[in-house]
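Report on the structure given below.
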There are 2 protein chains.
Amino acid sequence: MPEEAAARPRSRHASILDVAALAGVSAATVSRSLRGRGSVSPTTRQRVLDAARELSYSASPHASGLASGRTTTVGIVAPFIGRWYFANAVAGAADALAEAGYDVLLYHLADAAARDRFFERMPLARRVDAVLTMTMPLTEEHTLALRALDMPFVTLGARIPDVPCVRIDDATAMRTAVHHLLHQGHEQIAMIAGIEDDRQFGFLSSAARRLGYRQALRAAGLEPRPELSVAGAFGIEGGARAMAELMAGPTLPTAVVAEYDELAIGALRTLRQASVAVPGRVSVVGLDDHEMASVVDLTTVAQPVRELGARAAQLLLELLDGTLAGDLDVVVPTRLVVRGTTAAPIVRAVDGGC
Amino acid sequence: MPEEAAARPRSRHASILDVAALAGVSAATVSRSLRGRGSVSPTTRQRVLDAARELSYSASPHASGLASGRTTTVGIVAPFIGRWYFANAVAGAADALAEAGYDVLLYHLADAAARDRFFERMPLARRVDAVLTMTMPLTEEHTLALRALDMPFVTLGARIPDVPCVRIDDATAMRTAVHHLLHQGHEQIAMIAGIEDDRQFGFLSSAARRLGYRQALRAAGLEPRPELSVAGAFGIEGGARAMAELMAGPTLPTAVVAEYDELAIGALRTLRQASVAVPGRVSVVGLDDHEMASVVDLTTVAQPVRELGARAAQLLLELLDGTLAGDLDVVVPTRLVVRGTTAAPIVRAVDGGC
DNA sequence: TTGAAAGCGCTAACAC
DNA sequence: GTGTTAGCGCTTTCAA
């Protein structure tokens with residue numbers, strides 16, 4: 001039996017020497033030919049290419065990584081890849097990266113513990129050439145670890161000082177949502193916000209959206225009322241609970257904006273279950289234009305998530321090329337999509353019947 | 001200036017020799033200590049650990065990969081990571097893998113061209129220790145390339161002969177959906193099916209669901225009517241179009257089953273826009289228990305996608321351990337979730353008014 | 001239990 | 001243009 005084991009070579013991969021031998025050249029020439037660097041005569045090059053194809057040779061990433069220091073891999077770090085926003089951002093980025101010949105190492109950091117572990121061990125260290133992080137509560141320690149990597153690094157969705165970023169203008173997007181409601185005559189506008197993380201450092205999209213909400217109200221001469229803000233919601237269930245909380249309050253607002261569509265959709269569910277007419281009694285606006293927004297007929301402020309991912313990847317690629325350098329802040333526009341969950345508030349004279 | 005460049009060492013990582021020197025041992029001992037293999041005296045081991053920590057040393061993955069042939073990385077290959085099913089399956093698998101100390105290389109193969117390119121170049125070759133592929137139309141060539149890798153390999157969602165698999169029983173799940181409708185008295189039950197890929201080889205979940213639909217009807221003494229099957233739909237938009245097609249037909253069925261929830265949700269949107277009462281005039285059942293199913297109150301057959309991903313990852317880990325071997329077929333149960341989109345069909349005497 | 005030495009498979013200077 | 005020579009930073013026999 002031992003012989004049997006010994007007889008089976010561990011998956012035979014042709015090495016660069018096999019190719020060199022077959023093509024009748026040196027390993028160096030094979031390397032040069034295959035990667036198109038240095039000068040090789042067309043004839044030799046072709047011979048090498050043929051030999052490589054015949055042996056279906058492809059260089060060991062480990063060996064070339066070790067020798068060259070490059071990995072042709074980028075790391076993507078994201079908090080909730082199961083969610084629509086991140087799933088699509090990752091998809092957009094992964095496609096752009098793949099097209100450029102880069103592999104993607106994906107790190108899913110769903111909670112603070114996972115993040116701490118990750119940033120302490122820093123598995124990215126010599127595994128990737130560049131890093132893309134997606135909207136995530138990062139402590140200063142985390143961002144320091146990222147900077148210490150000393151490689152191209154871009155963030156998606158939220159800005160970190162001096163780090164190139166692709167994002168939307170969160171405050172403006174939220175102002176757009178609130179303006180829409182104000183225009184329709186609403187004055188009691190509540191907000192359902194996401195989780196606040198006080199360790200945050202770079203997870204500013206949530207804060208920016210809250211700010212946009214307050215700004216829009218104040219600009220209209222309205223003072224934001226604390227009882228009309230519910231924070232801490234997460235996902236559909238969170239939105240549903242937040243809406244229930246709002247409904248338990250002293251006065252039901254005539255309109256609700258949500259930090260993102262999933263919260264709005266959860267709110268919609270609660271409203272429907274409580275038979276509160278939408279938009280008859282309460283109008284609802286989200287932010288995302290989630291795939292499901294059209295299904296539940298949700299008015300929302302759209303952001304092109306997939307494109308955001310692709311743009312971030314392109315930025316990274318340009319940084320890797322050296323085509324680009326330094327600090328960048330790419331702000332992608334959003335747009336209001338009016339659907340059926342918003343309407344003018346009910347006027348006194350008319351009662352809110354079905 | 002040249003000196004300046006030379007003076008800045010490219011990101012100083014401690015090497016195994018630095019640790020060895022600091023601990024006063026050889027590189028071999030450092031290696032053994034850090035990985036807990038071979039025998040090292042507790043004292044030495046501790047000294048090495050301290051030294052490593054002090055220098056915040058961690059081995060270069062490329063170097064150790066090259067030397068040992070192992071990568072502590074697994075490849076996940078998935079077709080549409082932006083979609084709910086895959087996003088969650090990937091999340092579940094990634095978490096389980098991360099916990100076991102494996103990194104994840106993600107390959108997003110959204111179309112046949114990308115798949116062909118991928119399987120031809122086979123970037124997985126020496127980059128990973130194992131592969132997890134998710135329900136995807138694979139040609140025989142593709143699966144051969146995967147097998148040729150000669151490493152642990154499991155599929156998620158659809159079976160490939162002789163390859164360990166974690167999945168649900170698609171035919172049974174669909175039969176469950178149809179039975180639910182039959183029990184309620186429906187006889188005209190249509191099906192909205194997904195894309196058929198004739199190059200398929202391992203993308204059998206779709207075919208199995210279609211089969212389950214037909215089986216259930218026949219078992220009830222009903223013959224499946226071709227005009228009640230619409231195939232080729234994809235995502236919400238696809239489901240919406242398919243439903244429109246069904247509505248354009250000679251007779252509107254009293255119930256519709258969809259191959260998966262997103263199709264059902266799209267169908268629901270079309271029905272609502274056409275003011276067709278659900279479940280008054282048409283009942284709808286999906287399969288997935290997509291996050292949004294509760295929002296649109298969709299009756300569906302639930303599958304635990306996240307768990308499917310985690311189970312597949314565990315299988316892979318056991319295969320890597322050598323704890324397990326050979327062919328496995330883990331079938332995870334599904335369950336009917338009755339919500340508001342299904343009801344008994346309208347009886348003649350009662351008209352279908354609002 | 002520990003160390004020395006020989007690679008793992010490639011790239012990058014440097015000669016020729 | 002092309003080959004030679006050193007490594008890249010580890011792991012792994014094999015001796016001691």
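Ligands are numbered from 1 in the order shown, residues from 1 within each chain, and chains are lettered A, B, ... in the order they appear in the structure tokens.
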Can you write out as a tab-separated table which residues of chain D fall within 7 Å of chain B, alongside each residue's closest atom pair and its distance in Å to one decimal, counting only C-alpha atoms (C1' of nucleotides) and ordering rows by chain and ascending residue number?
residue	atom	partner	partner_atom	distance
D:DG9	C1'	B:Ala63	CA	4.9
D:DC10	C1'	B:Ala63	CA	4.5
D:DT11	C1'	B:Ala67	CA	5.2
Do me a favour and pick out the residues of chain C within 8 Å of chain A, using only C-alpha atoms (C1' of nucleotides), as a PDB file with C-alpha atoms (C1' of nucleotides), in the first residue's frame.
ATOM      1  C1'  DC C   8       8.799  24.302  -3.157  1.00  0.00           C
ATOM      2  C1'  DG C   9       8.327  27.046  -8.403  1.00  0.00           C
ATOM      3  C1'  DC C  10       8.909  31.065  -9.754  1.00  0.00           C
ATOM      4  C1'  DT C  11      11.025  36.150 -10.920  1.00  0.00           C
TER       5       DT C  11
END
For chain B against chain A, which residues fall within 7 Å using only C-alpha atoms, given as a compact mmCIF listing (two decimals) with N, CA and C atoms, in the first residue's frame?
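Dumped to iface.txt:
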# COMPACT_ATOMS: atom_id res chain seq x y z
N SER B 11 7.22 47.67 2.98
CA SER B 11 6.49 47.20 4.17
C SER B 11 7.17 46.06 4.94
N SER B 60 4.21 34.08 5.83
CA SER B 60 3.79 34.46 4.49
C SER B 60 3.02 33.31 3.87
N PRO B 61 1.79 33.57 3.49
CA PRO B 61 0.97 32.50 2.91
C PRO B 61 1.62 31.93 1.65
N HIS B 62 2.27 32.79 0.89
CA HIS B 62 2.88 32.30 -0.33
C HIS B 62 4.03 31.35 -0.04
N ALA B 63 4.85 31.76 0.89
CA ALA B 63 6.00 30.93 1.21
C ALA B 63 5.56 29.60 1.79
N GLY B 65 2.69 28.24 1.51
CA GLY B 65 1.93 27.52 0.50
C GLY B 65 2.88 26.81 -0.45
N LEU B 66 3.89 27.52 -0.82
CA LEU B 66 4.86 26.94 -1.76
C LEU B 66 5.57 25.75 -1.13
N ILE B 81 -24.15 36.20 -7.25
CA ILE B 81 -24.03 36.52 -5.83
C ILE B 81 -24.84 37.72 -5.41
N GLY B 82 -25.39 38.44 -6.38
CA GLY B 82 -26.23 39.56 -6.01
C GLY B 82 -27.62 39.12 -5.57
N TRP B 84 -30.57 36.93 -3.61
CA TRP B 84 -30.80 36.51 -2.24
C TRP B 84 -30.28 35.11 -1.92
N ALA B 87 -26.38 35.00 -2.24
CA ALA B 87 -25.76 35.89 -1.25
C ALA B 87 -25.79 35.23 0.12
N ASN B 88 -26.91 34.62 0.45
CA ASN B 88 -27.01 34.00 1.76
C ASN B 88 -26.27 32.68 1.86
N ALA B 91 -22.75 33.66 2.30
CA ALA B 91 -22.54 34.17 3.66
C ALA B 91 -22.43 33.02 4.65
N ALA B 94 -19.12 31.18 3.99
CA ALA B 94 -17.96 32.00 4.32
C ALA B 94 -17.76 32.06 5.83
N ASP B 95 -18.84 32.19 6.57
CA ASP B 95 -18.72 32.25 8.02
C ASP B 95 -18.16 30.96 8.59
N VAL B 104 -11.47 32.69 1.88
CA VAL B 104 -12.38 32.37 0.79
C VAL B 104 -12.03 33.16 -0.47
N LEU B 105 -11.81 32.44 -1.52
CA LEU B 105 -11.59 33.05 -2.82
C LEU B 105 -12.91 32.94 -3.55
N LEU B 106 -13.47 34.07 -3.93
CA LEU B 106 -14.80 34.06 -4.52
C LEU B 106 -14.78 34.26 -6.02
N HIS B 108 -17.26 34.81 -9.20
CA HIS B 108 -18.61 35.14 -9.61
C HIS B 108 -18.75 34.87 -11.10
N ARG B 126 -3.76 25.98 -8.15
CA ARG B 126 -2.95 25.80 -6.94
C ARG B 126 -3.28 26.86 -5.90
N ARG B 127 -4.42 27.48 -6.06
CA ARG B 127 -4.74 28.57 -5.16
C ARG B 127 -5.55 28.13 -3.96
N ASP B 150 -8.64 17.44 -8.50
CA ASP B 150 -8.28 16.40 -7.56
C ASP B 150 -8.16 16.94 -6.14
N ARG B 269 -46.66 41.06 -8.33
CA ARG B 269 -46.67 42.46 -8.76
C ARG B 269 -47.56 42.64 -9.98
N VAL B 295 -43.10 39.91 3.78
CA VAL B 295 -43.58 41.27 3.50
C VAL B 295 -44.74 41.26 2.52
What residues in range 166-257 of chain B get the DSSP label strand (DSSP E)? Please answer as a list in words.
Val166, Arg167, Ile189, Ala190, Met191, Ile192, Ser229, Val230, Ala255, Val256 and Val257 of chain B
Those same residues, written as a PDB file, in the first residue's frame with N, CA and C atoms?
ATOM      1  N   VAL B 166     -24.819  19.199  -0.784  1.00  0.00           N
ATOM      2  CA  VAL B 166     -25.789  19.599   0.232  1.00  0.00           C
ATOM      3  C   VAL B 166     -26.915  20.295  -0.503  1.00  0.00           C
ATOM      4  N   ARG B 167     -28.138  19.868  -0.248  1.00  0.00           N
ATOM      5  CA  ARG B 167     -29.237  20.404  -1.037  1.00  0.00           C
ATOM      6  C   ARG B 167     -30.570  20.155  -0.363  1.00  0.00           C
ATOM      7  N   ILE B 189     -53.705  24.672 -11.961  1.00  0.00           N
ATOM      8  CA  ILE B 189     -52.498  25.184 -11.309  1.00  0.00           C
ATOM      9  C   ILE B 189     -51.399  25.374 -12.340  1.00  0.00           C
ATOM     10  N   ALA B 190     -50.973  26.615 -12.478  1.00  0.00           N
ATOM     11  CA  ALA B 190     -49.917  26.904 -13.452  1.00  0.00           C
ATOM     12  C   ALA B 190     -48.564  26.900 -12.769  1.00  0.00           C
ATOM     13  N   MET B 191     -47.514  26.792 -13.586  1.00  0.00           N
ATOM     14  CA  MET B 191     -46.172  26.881 -13.024  1.00  0.00           C
ATOM     15  C   MET B 191     -45.342  27.906 -13.770  1.00  0.00           C
ATOM     16  N   ILE B 192     -44.652  28.722 -12.984  1.00  0.00           N
ATOM     17  CA  ILE B 192     -43.697  29.660 -13.576  1.00  0.00           C
ATOM     18  C   ILE B 192     -42.316  29.119 -13.264  1.00  0.00           C
ATOM     19  N   SER B 229     -47.715  26.147 -18.246  1.00  0.00           N
ATOM     20  CA  SER B 229     -46.318  26.218 -17.825  1.00  0.00           C
ATOM     21  C   SER B 229     -45.602  27.306 -18.596  1.00  0.00           C
ATOM     22  N   VAL B 230     -45.011  28.219 -17.869  1.00  0.00           N
ATOM     23  CA  VAL B 230     -44.209  29.244 -18.533  1.00  0.00           C
ATOM     24  C   VAL B 230     -42.785  29.094 -18.030  1.00  0.00           C
ATOM     25  N   ALA B 255     -54.544  29.074  -9.650  1.00  0.00           N
ATOM     26  CA  ALA B 255     -53.365  29.100  -8.786  1.00  0.00           C
ATOM     27  C   ALA B 255     -52.091  29.015  -9.604  1.00  0.00           C
ATOM     28  N   VAL B 256     -51.026  29.545  -9.018  1.00  0.00           N
ATOM     29  CA  VAL B 256     -49.726  29.543  -9.678  1.00  0.00           C
ATOM     30  C   VAL B 256     -48.654  29.124  -8.676  1.00  0.00           C
ATOM     31  N   VAL B 257     -47.809  28.191  -9.082  1.00  0.00           N
ATOM     32  CA  VAL B 257     -46.625  27.907  -8.262  1.00  0.00           C
ATOM     33  C   VAL B 257     -45.432  28.450  -9.035  1.00  0.00           C
TER      34      VAL B 257
END
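Interatomic distance, CA of Pro333 in chain A to CA of His183 in chain A: 21.0 Å.
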Within 6 Å of range 152-162 of chain A, counting only C-alpha atoms (C1' of nucleotides), which residues show up once you throw out same-chain ones fewer than 4 positions away? Write them as an MDAnalysis selection string, please.
chainID A and resid 130:135 166:167 202:205 327
How would the residues just chosen look if you wrote them out with C-alpha atoms as a PDB file, in the first residue's frame?
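Produced file result18.pdb, reproduced below:
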ATOM      1  CA  ALA A 130      -5.123  45.948  -2.660  1.00  0.00           C
ATOM      2  CA  VAL A 131      -8.136  46.201  -0.400  1.00  0.00           C
ATOM      3  CA  LEU A 132     -11.712  47.315  -0.848  1.00  0.00           C
ATOM      4  CA  THR A 133     -13.760  47.801   2.288  1.00  0.00           C
ATOM      5  CA  MET A 134     -17.481  48.305   2.292  1.00  0.00           C
ATOM      6  CA  THR A 135     -19.425  50.583   4.616  1.00  0.00           C
ATOM      7  CA  VAL A 166     -16.772  55.793  -3.919  1.00  0.00           C
ATOM      8  CA  ARG A 167     -20.110  56.712  -2.438  1.00  0.00           C
ATOM      9  CA  GLY A 202     -15.917  55.603   8.883  1.00  0.00           C
ATOM     10  CA  PHE A 203     -19.439  54.294   9.218  1.00  0.00           C
ATOM     11  CA  LEU A 204     -20.775  57.683   8.594  1.00  0.00           C
ATOM     12  CA  SER A 205     -23.438  57.007   6.034  1.00  0.00           C
ATOM     13  CA  ASP A 327      -6.999  60.835  -2.264  1.00  0.00           C
TER      14      ASP A 327
END
Atom pair CA of Thr172 in chain B / CA of Gln188 in chain B: separation (Å):
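One can read the CA of Thr172 in chain B to CA of Gln188 in chain B distance as 19.8 Å.
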